[in-house]
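The data block below is my_file.txt; it holds compact mmCIF, C-alpha atoms.
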# COMPACT_ATOMS: atom_id res chain seq x y z
CA MET A 1 164.79 -126.65 -164.78
CA GLN A 2 168.00 -126.88 -162.79
CA SER A 3 169.47 -130.40 -162.81
CA SER A 4 171.87 -129.64 -159.95
CA VAL A 5 171.37 -127.63 -156.78
CA ASN A 6 173.56 -127.06 -153.71
CA VAL A 7 171.80 -126.21 -150.46
CA LEU A 8 173.13 -125.21 -147.07
CA GLY A 9 170.71 -126.74 -144.56
CA ILE A 10 170.63 -125.23 -141.08
CA ASP A 11 169.19 -126.51 -137.80
CA PRO A 12 169.46 -123.27 -135.82
CA GLY A 13 170.22 -123.07 -132.13
CA LEU A 14 172.26 -120.92 -129.80
CA ALA A 15 174.30 -123.69 -128.17
CA ASN A 16 174.37 -125.94 -131.25
CA THR A 17 173.67 -124.85 -134.82
CA GLY A 18 173.70 -127.83 -137.14
CA TYR A 19 174.72 -127.41 -140.76
CA GLY A 20 174.69 -129.68 -143.74
CA VAL A 21 175.56 -128.99 -147.36
CA VAL A 22 173.52 -131.13 -149.73
CA SER A 23 173.89 -131.36 -153.47
CA ARG A 24 171.16 -132.76 -155.67
CA ARG A 25 172.34 -133.93 -159.06
CA GLY A 26 169.36 -135.17 -161.03
CA MET A 27 167.64 -137.57 -158.64
CA ARG A 28 170.77 -138.30 -156.58
CA PHE A 29 171.72 -136.61 -153.31
CA VAL A 30 175.24 -136.11 -152.00
CA ALA A 31 176.40 -134.70 -148.66
CA LEU A 32 179.26 -132.26 -149.23
CA ASP A 33 179.74 -131.17 -145.61
CA GLY A 34 178.07 -131.37 -142.24
CA GLY A 35 178.68 -130.58 -138.62
CA VAL A 36 177.75 -128.43 -135.67
CA VAL A 37 178.73 -124.90 -134.69
CA THR A 38 178.92 -124.96 -130.90
CA THR A 39 178.89 -121.98 -128.56
CA ARG A 40 179.46 -122.17 -124.83
CA ALA A 41 177.04 -121.15 -122.13
CA GLY A 42 178.40 -118.27 -120.08
CA VAL A 43 179.80 -116.50 -123.14
CA PRO A 44 177.91 -113.24 -123.81
CA LEU A 45 175.00 -113.66 -126.21
CA GLU A 46 176.39 -111.23 -128.77
CA GLN A 47 179.66 -113.19 -128.94
CA ARG A 48 177.82 -116.49 -129.36
CA LEU A 49 175.75 -115.02 -132.20
CA ALA A 50 178.90 -113.55 -133.78
CA THR A 51 180.47 -117.04 -133.77
CA ILE A 52 177.43 -118.55 -135.53
CA TYR A 53 177.41 -115.69 -138.04
CA ALA A 54 181.13 -116.06 -138.82
CA GLU A 55 180.90 -119.84 -139.26
CA VAL A 56 177.87 -119.56 -141.57
CA CYS A 57 179.66 -116.88 -143.62
CA THR A 58 182.61 -119.25 -143.99
CA LEU A 59 180.32 -122.10 -145.07
CA ILE A 60 178.60 -119.90 -147.66
CA GLU A 61 181.95 -118.73 -149.05
CA ARG A 62 183.34 -122.29 -149.16
CA HIS A 63 180.32 -124.03 -150.71
CA GLN A 64 178.58 -121.25 -152.69
CA PRO A 65 175.06 -122.68 -152.12
CA GLU A 66 172.16 -121.59 -154.29
CA ALA A 67 169.99 -121.45 -151.16
CA VAL A 68 170.05 -121.62 -147.39
CA ALA A 69 167.27 -123.74 -145.92
CA LEU A 70 166.37 -123.38 -142.25
CA GLU A 71 164.15 -125.34 -139.94
CA ASP A 72 161.27 -123.22 -138.64
CA LEU A 73 160.99 -122.37 -134.98
CA PHE A 74 159.25 -124.88 -132.78
CA PHE A 75 158.05 -123.19 -129.61
CA GLY A 76 157.13 -126.22 -127.51
CA GLN A 77 157.06 -125.47 -123.80
CA ASN A 78 160.03 -123.11 -123.54
CA ALA A 79 159.41 -119.67 -125.02
CA GLY A 80 162.81 -118.45 -123.79
CA SER A 81 164.70 -120.99 -125.89
CA ALA A 82 162.50 -120.08 -128.87
CA PHE A 83 163.76 -116.50 -128.63
CA THR A 84 167.40 -117.57 -128.69
CA VAL A 85 166.74 -119.95 -131.59
CA GLY A 86 165.10 -117.01 -133.37
CA GLN A 87 168.22 -114.94 -132.81
CA ALA A 88 170.40 -117.72 -134.22
CA ARG A 89 168.06 -117.96 -137.25
CA GLY A 90 168.37 -114.21 -137.67
CA VAL A 91 172.17 -114.21 -137.90
CA VAL A 92 172.06 -117.12 -140.37
CA MET A 93 169.59 -115.21 -142.53
CA LEU A 94 171.73 -112.06 -142.25
CA ALA A 95 174.81 -113.95 -143.45
CA ALA A 96 172.85 -115.33 -146.41
CA GLY A 97 171.16 -112.02 -147.20
CA GLN A 98 174.43 -110.12 -147.23
CA ARG A 99 175.74 -112.58 -149.81
CA GLY A 100 172.60 -112.59 -151.94
CA VAL A 101 171.71 -116.19 -151.11
CA PRO A 102 167.96 -116.76 -150.80
CA CYS A 103 166.59 -118.42 -147.66
CA ALA A 104 163.71 -120.87 -147.30
CA SER A 105 162.09 -122.17 -144.11
CA TYR A 106 160.48 -125.54 -143.50
CA THR A 107 158.49 -126.87 -140.58
CA PRO A 108 159.75 -130.02 -138.87
CA GLN A 109 156.76 -131.86 -140.39
CA GLN A 110 157.69 -130.72 -143.92
CA VAL A 111 161.26 -131.92 -143.39
CA LYS A 112 160.12 -135.31 -142.09
CA GLN A 113 157.67 -135.64 -145.00
CA ALA A 114 160.39 -134.87 -147.55
CA VAL A 115 162.89 -137.29 -146.04
CA CYS A 116 160.70 -140.13 -144.74
CA GLY A 117 157.39 -139.77 -146.55
CA THR A 118 155.52 -138.98 -143.33
CA GLY A 119 155.45 -135.85 -141.19
CA ARG A 120 155.24 -137.99 -138.05
CA ALA A 121 158.53 -139.87 -138.47
CA ALA A 122 160.62 -140.44 -135.35
CA LYS A 123 163.99 -138.72 -135.02
CA GLU A 124 165.80 -142.06 -135.44
CA GLN A 125 163.90 -142.79 -138.66
CA VAL A 126 164.86 -139.37 -140.05
CA ALA A 127 168.52 -140.02 -139.18
CA ARG A 128 168.48 -143.43 -140.90
CA MET A 129 166.83 -142.02 -144.02
CA VAL A 130 169.29 -139.12 -144.20
CA CYS A 131 172.18 -141.60 -144.10
CA THR A 132 170.50 -143.76 -146.75
CA LEU A 133 169.60 -140.88 -149.08
CA LEU A 134 173.06 -139.31 -148.83
CA GLY A 135 175.02 -142.56 -148.90
CA LEU A 136 176.51 -141.89 -145.47
CA PRO A 137 177.74 -144.60 -143.12
CA ASP A 138 175.32 -145.71 -140.44
CA ASP A 139 177.56 -144.26 -137.74
CA PRO A 140 175.47 -141.70 -135.94
CA LEU A 141 176.12 -138.09 -136.82
CA PRO A 142 175.45 -135.41 -134.23
CA ASP A 143 171.67 -134.86 -134.07
CA HIS A 144 171.93 -131.23 -135.14
CA ALA A 145 174.03 -132.12 -138.20
CA THR A 146 171.58 -134.86 -139.20
CA ASP A 147 168.67 -132.44 -138.80
CA ALA A 148 170.47 -129.83 -140.93
CA LEU A 149 171.17 -132.38 -143.66
CA ALA A 150 167.47 -133.36 -143.57
CA VAL A 151 166.51 -129.68 -144.05
CA GLY A 152 168.91 -129.52 -146.99
CA VAL A 153 167.35 -132.62 -148.55
CA CYS A 154 163.89 -131.12 -148.03
CA HIS A 155 164.86 -127.97 -149.89
CA ALA A 156 166.68 -129.86 -152.63
CA ASN A 157 163.46 -131.86 -153.18
CA HIS A 158 161.44 -128.65 -153.23
CA ALA A 159 163.84 -126.59 -155.39
CA PRO A 160 162.87 -127.93 -158.84
CA LEU A 161 159.17 -127.24 -158.21
CA ALA A 162 159.97 -123.81 -156.78
CA ALA A 163 162.03 -122.96 -159.88
CA VAL A 164 159.16 -123.92 -162.19
CA MET A 165 156.69 -121.87 -160.13
CA MET A 166 159.02 -118.85 -160.16
CA ALA A 167 159.48 -119.10 -163.93
CA ALA A 168 155.70 -119.25 -164.41
CA ARG A 169 155.22 -115.88 -162.67
Written as C-alpha cells, how would this file's structure read?
Amino acid sequence: MQSSVNVLGIDPGLANTGYGVVSRRGMRFVALDGGVVTTRAGVPLEQRLATIYAEVCTLIERHQPEAVALEDLFFGQNAGSAFTVGQARGVVMLAAGQRGVPCASYTPQQVKQAVCGTGRAAKEQVARMVCTLLGLPDDPLPDHATDALAVGVCHANHAPLAAVMMAAR
C-alpha cells in the first residue's frame, strides 16, 4: 500500500475553477498548493476553456500528482450552468488524460463525508475542517480553492482502499 499520495483536487467551473494539491503522508495531510483559475465573462467560451486547460496542464507538470480528483456535477436549478461546468470538467480530464494521470469523481456528499464525517455538513464546516486537516490558517480561502482542497482530501482518504481493491483484481 502506498504510504504517500499527491492529489490534484478540482472544483470545476467556467468562471472559477478551484484547485488544491493535497499530499497524504501516512495519516497526515499537507496542502502543497491551492487557488482559483478565473476566466472572464464576455471572453469566448473556447478561450475560457483553453485558459482552464493550460492552467491545469501547468499544475500537473509542476506537482506531478498521482491522481486528479474532481467534484461531480450538481445540476440544481440551472441546467445551463451545469453544461458549462461539464465543459470545464472535460478540459480538466483531457489535461489529465493526455498526461496519463487517472481521474476520480466524487459527489459533494462524498466529499463532505470524507472531510467532516457527515454528507450534510455546511459549507463553513467543510472550510473549517479543511483548514484543520491541512494545518492551514483560519483565514478564509476562496470558496472554490477550499472546495478543491476538500476534494483532494476525499481522494487521498479513498486512495489507499482503491489501491488495495485494484491489487486484488
Considering all atoms listed in the file, return as a list of chain:residue names whatever protein or nucleic-acid residues lie within 12 Å of Thr58 (chain A), sequence-local ones (same chain, fewer than 6 positions apart) excluded.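 Answer for this query is A:Leu8, A:Tyr19, A:Val37, A:Thr51, A:Ile52, A:Gln64, A:Pro65, A:Val92, A:Ala95, A:Ala96, A:Arg99.
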Of the candidates A:Leu73, A:Ala50, A:Ala150, A:Ala122, which one gets nearest to Gly86 (chain A) if we count only C-alpha atoms? A:Leu73
Find the residues around Val153 (chain A) up to 10 Å (only C-alpha atoms counted), leave out those fewer than 6 positions away in its own chain, and share them as a list in words.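 My list of contacting residues is Asn6, Val7, Leu8, Gly9, Gly20, Val21, Val22, Ser23, Arg24, Phe29, Val30, Ala31, Ala69, Val111, Ala114, Val115, Val130, Leu133, Leu134, Asp147 and Ala159 of chain A.
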One decimal place gives the CA of Gln87 (chain A)-CA of Leu49 (chain A) separation as 7.6 Å
Could you tell me how far CA of Phe74 (chain A) sits from CA of Gly42 (chain A), in Å to one decimal place? 23.9 Å
Coordinates-based distance that separates CA of Val68 (chain A) from CA of Lys112 (chain A) (Å, one decimal):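 Pair CA of Lys112 (chain A) / CA of Val68 (chain A) returns 17.7 Å.
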Extract, using only C-alpha atoms, all DNA, RNA and protein residues at most 12 Å from Leu141 (chain A), discarding same-chain residues fewer than 4 positions from it, and format them as a list of chain:residue names.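 That gives A:Gly18, A:Tyr19, A:Gly20, A:Asp33, A:Gly34, A:Gly35, A:Val36, A:Glu124, A:Val126, A:Ala127, A:Arg128, A:Val130, A:Cys131, A:Leu136, A:Pro137, A:Ala145, A:Thr146, A:Asp147, A:Ala148, A:Leu149, A:Ala150.
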Protein/DNA/RNA residues near (156.6, -130.7, -142.2), cut 12 Å, all atoms listed in the file, as a PDB file with C-alpha atoms, in the frame of the given file:
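New file point.pdb:
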ATOM      1  CA  GLU A  71     164.150-125.340-139.940  1.00  0.00           C
ATOM      2  CA  ASP A  72     161.270-123.220-138.640  1.00  0.00           C
ATOM      3  CA  LEU A  73     160.990-122.370-134.980  1.00  0.00           C
ATOM      4  CA  PHE A  74     159.250-124.880-132.780  1.00  0.00           C
ATOM      5  CA  SER A 105     162.090-122.170-144.110  1.00  0.00           C
ATOM      6  CA  TYR A 106     160.480-125.540-143.500  1.00  0.00           C
ATOM      7  CA  THR A 107     158.490-126.870-140.580  1.00  0.00           C
ATOM      8  CA  PRO A 108     159.750-130.020-138.870  1.00  0.00           C
ATOM      9  CA  GLN A 109     156.760-131.860-140.390  1.00  0.00           C
ATOM     10  CA  GLN A 110     157.690-130.720-143.920  1.00  0.00           C
ATOM     11  CA  VAL A 111     161.260-131.920-143.390  1.00  0.00           C
ATOM     12  CA  LYS A 112     160.120-135.310-142.090  1.00  0.00           C
ATOM     13  CA  GLN A 113     157.670-135.640-145.000  1.00  0.00           C
ATOM     14  CA  ALA A 114     160.390-134.870-147.550  1.00  0.00           C
ATOM     15  CA  VAL A 115     162.890-137.290-146.040  1.00  0.00           C
ATOM     16  CA  CYS A 116     160.700-140.130-144.740  1.00  0.00           C
ATOM     17  CA  GLY A 117     157.390-139.770-146.550  1.00  0.00           C
ATOM     18  CA  THR A 118     155.520-138.980-143.330  1.00  0.00           C
ATOM     19  CA  GLY A 119     155.450-135.850-141.190  1.00  0.00           C
ATOM     20  CA  ARG A 120     155.240-137.990-138.050  1.00  0.00           C
ATOM     21  CA  ALA A 121     158.530-139.870-138.470  1.00  0.00           C
ATOM     22  CA  ALA A 150     167.470-133.360-143.570  1.00  0.00           C
ATOM     23  CA  VAL A 151     166.510-129.680-144.050  1.00  0.00           C
ATOM     24  CA  CYS A 154     163.890-131.120-148.030  1.00  0.00           C
ATOM     25  CA  HIS A 155     164.860-127.970-149.890  1.00  0.00           C
TER      26      HIS A 155
END
A:Thr132, A:Thr38, A:Ser4, A:Ser81 ranked by distance to Tyr53 (chain A), top pick (using only C-alpha atoms):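 Smallest separation from Tyr53 (chain A) among the options: A:Thr38.
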Taking the partial coordinates given, rebuild region 129-140 of chain A to contain all heavy atoms; return it as an mmCIF file, in the frame of the given file.
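The file below, result_14.cif, is the result:
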data_model
loop_
_atom_site.group_PDB
_atom_site.id
_atom_site.type_symbol
_atom_site.label_atom_id
_atom_site.label_comp_id
_atom_site.auth_asym_id
_atom_site.auth_seq_id
_atom_site.Cartn_x
_atom_site.Cartn_y
_atom_site.Cartn_z
ATOM 1 N N MET A 129 167.143 -142.383 -142.641
ATOM 2 C CA MET A 129 166.830 -142.020 -144.020
ATOM 3 C C MET A 129 167.825 -141.011 -144.583
ATOM 4 O O MET A 129 168.192 -141.092 -145.760
ATOM 5 C CB MET A 129 165.398 -141.479 -144.125
ATOM 6 C CG MET A 129 164.342 -142.558 -144.076
ATOM 7 S SD MET A 129 164.540 -143.820 -145.369
ATOM 8 C CE MET A 129 164.297 -142.853 -146.850
ATOM 9 N N VAL A 130 168.276 -140.072 -143.750
ATOM 10 C CA VAL A 130 169.290 -139.120 -144.200
ATOM 11 C C VAL A 130 170.547 -139.868 -144.607
ATOM 12 O O VAL A 130 171.113 -139.618 -145.678
ATOM 13 C CB VAL A 130 169.578 -138.058 -143.105
ATOM 14 C CG1 VAL A 130 170.876 -137.302 -143.387
ATOM 15 C CG2 VAL A 130 168.424 -137.074 -142.999
ATOM 16 N N CYS A 131 170.990 -140.803 -143.777
ATOM 17 C CA CYS A 131 172.180 -141.600 -144.100
ATOM 18 C C CYS A 131 171.970 -142.397 -145.386
ATOM 19 O O CYS A 131 172.865 -142.460 -146.241
ATOM 20 C CB CYS A 131 172.537 -142.528 -142.936
ATOM 21 S SG CYS A 131 173.196 -141.643 -141.515
ATOM 22 N N THR A 132 170.797 -142.981 -145.549
ATOM 23 C CA THR A 132 170.500 -143.760 -146.750
ATOM 24 C C THR A 132 170.465 -142.881 -147.988
ATOM 25 O O THR A 132 171.103 -143.187 -149.004
ATOM 26 C CB THR A 132 169.153 -144.502 -146.590
ATOM 27 O OG1 THR A 132 169.244 -145.383 -145.473
ATOM 28 C CG2 THR A 132 168.793 -145.291 -147.835
ATOM 29 N N LEU A 133 169.729 -141.774 -147.924
ATOM 30 C CA LEU A 133 169.600 -140.880 -149.080
ATOM 31 C C LEU A 133 170.933 -140.288 -149.516
ATOM 32 O O LEU A 133 171.172 -140.079 -150.700
ATOM 33 C CB LEU A 133 168.623 -139.744 -148.767
ATOM 34 C CG LEU A 133 167.148 -140.093 -148.709
ATOM 35 C CD1 LEU A 133 166.349 -138.935 -148.127
ATOM 36 C CD2 LEU A 133 166.634 -140.460 -150.090
ATOM 37 N N LEU A 134 171.795 -139.989 -148.530
ATOM 38 C CA LEU A 134 173.060 -139.310 -148.830
ATOM 39 C C LEU A 134 174.237 -140.278 -148.946
ATOM 40 O O LEU A 134 175.368 -139.849 -149.149
ATOM 41 C CB LEU A 134 173.338 -138.251 -147.768
ATOM 42 C CG LEU A 134 172.309 -137.118 -147.711
ATOM 43 C CD1 LEU A 134 172.582 -136.206 -146.532
ATOM 44 C CD2 LEU A 134 172.289 -136.329 -149.011
ATOM 45 N N GLY A 135 173.958 -141.576 -148.794
ATOM 46 C CA GLY A 135 175.020 -142.560 -148.900
ATOM 47 C C GLY A 135 176.055 -142.452 -147.795
ATOM 48 O O GLY A 135 177.233 -142.723 -148.013
ATOM 49 N N LEU A 136 175.612 -142.043 -146.616
ATOM 50 C CA LEU A 136 176.510 -141.890 -145.470
ATOM 51 C C LEU A 136 176.582 -143.191 -144.687
ATOM 52 O O LEU A 136 175.631 -143.982 -144.689
ATOM 53 C CB LEU A 136 176.021 -140.767 -144.556
ATOM 54 C CG LEU A 136 175.954 -139.383 -145.178
ATOM 55 C CD1 LEU A 136 175.282 -138.398 -144.224
ATOM 56 C CD2 LEU A 136 177.345 -138.896 -145.546
ATOM 57 N N PRO A 137 177.674 -143.410 -143.970
ATOM 58 C CA PRO A 137 177.740 -144.600 -143.120
ATOM 59 C C PRO A 137 176.678 -144.523 -142.026
ATOM 60 O O PRO A 137 176.196 -143.444 -141.690
ATOM 61 C CB PRO A 137 179.151 -144.555 -142.530
ATOM 62 C CG PRO A 137 179.647 -143.181 -142.764
ATOM 63 C CD PRO A 137 178.872 -142.600 -143.900
ATOM 64 N N ASP A 138 176.345 -145.668 -141.471
ATOM 65 C CA ASP A 138 175.320 -145.710 -140.440
ATOM 66 C C ASP A 138 175.788 -145.178 -139.094
ATOM 67 O O ASP A 138 175.004 -145.093 -138.157
ATOM 68 C CB ASP A 138 174.790 -147.145 -140.255
ATOM 69 C CG ASP A 138 173.952 -147.581 -141.434
ATOM 70 O OD1 ASP A 138 173.398 -146.710 -142.123
ATOM 71 O OD2 ASP A 138 173.851 -148.796 -141.676
ATOM 72 N N ASP A 139 177.072 -144.839 -138.987
ATOM 73 C CA ASP A 139 177.560 -144.260 -137.740
ATOM 74 C C ASP A 139 176.759 -143.004 -137.453
ATOM 75 O O ASP A 139 176.540 -142.178 -138.347
ATOM 76 C CB ASP A 139 179.042 -143.887 -137.850
ATOM 77 C CG ASP A 139 179.929 -145.093 -138.072
ATOM 78 O OD1 ASP A 139 179.488 -146.215 -137.748
ATOM 79 O OD2 ASP A 139 181.045 -144.915 -138.579
ATOM 80 N N PRO A 140 176.314 -142.862 -136.234
ATOM 81 C CA PRO A 140 175.470 -141.700 -135.940
ATOM 82 C C PRO A 140 176.236 -140.389 -136.058
ATOM 83 O O PRO A 140 177.351 -140.263 -135.569
ATOM 84 C CB PRO A 140 174.993 -141.950 -134.512
ATOM 85 C CG PRO A 140 175.935 -142.950 -133.938
ATOM 86 C CD PRO A 140 176.522 -143.714 -135.078
#
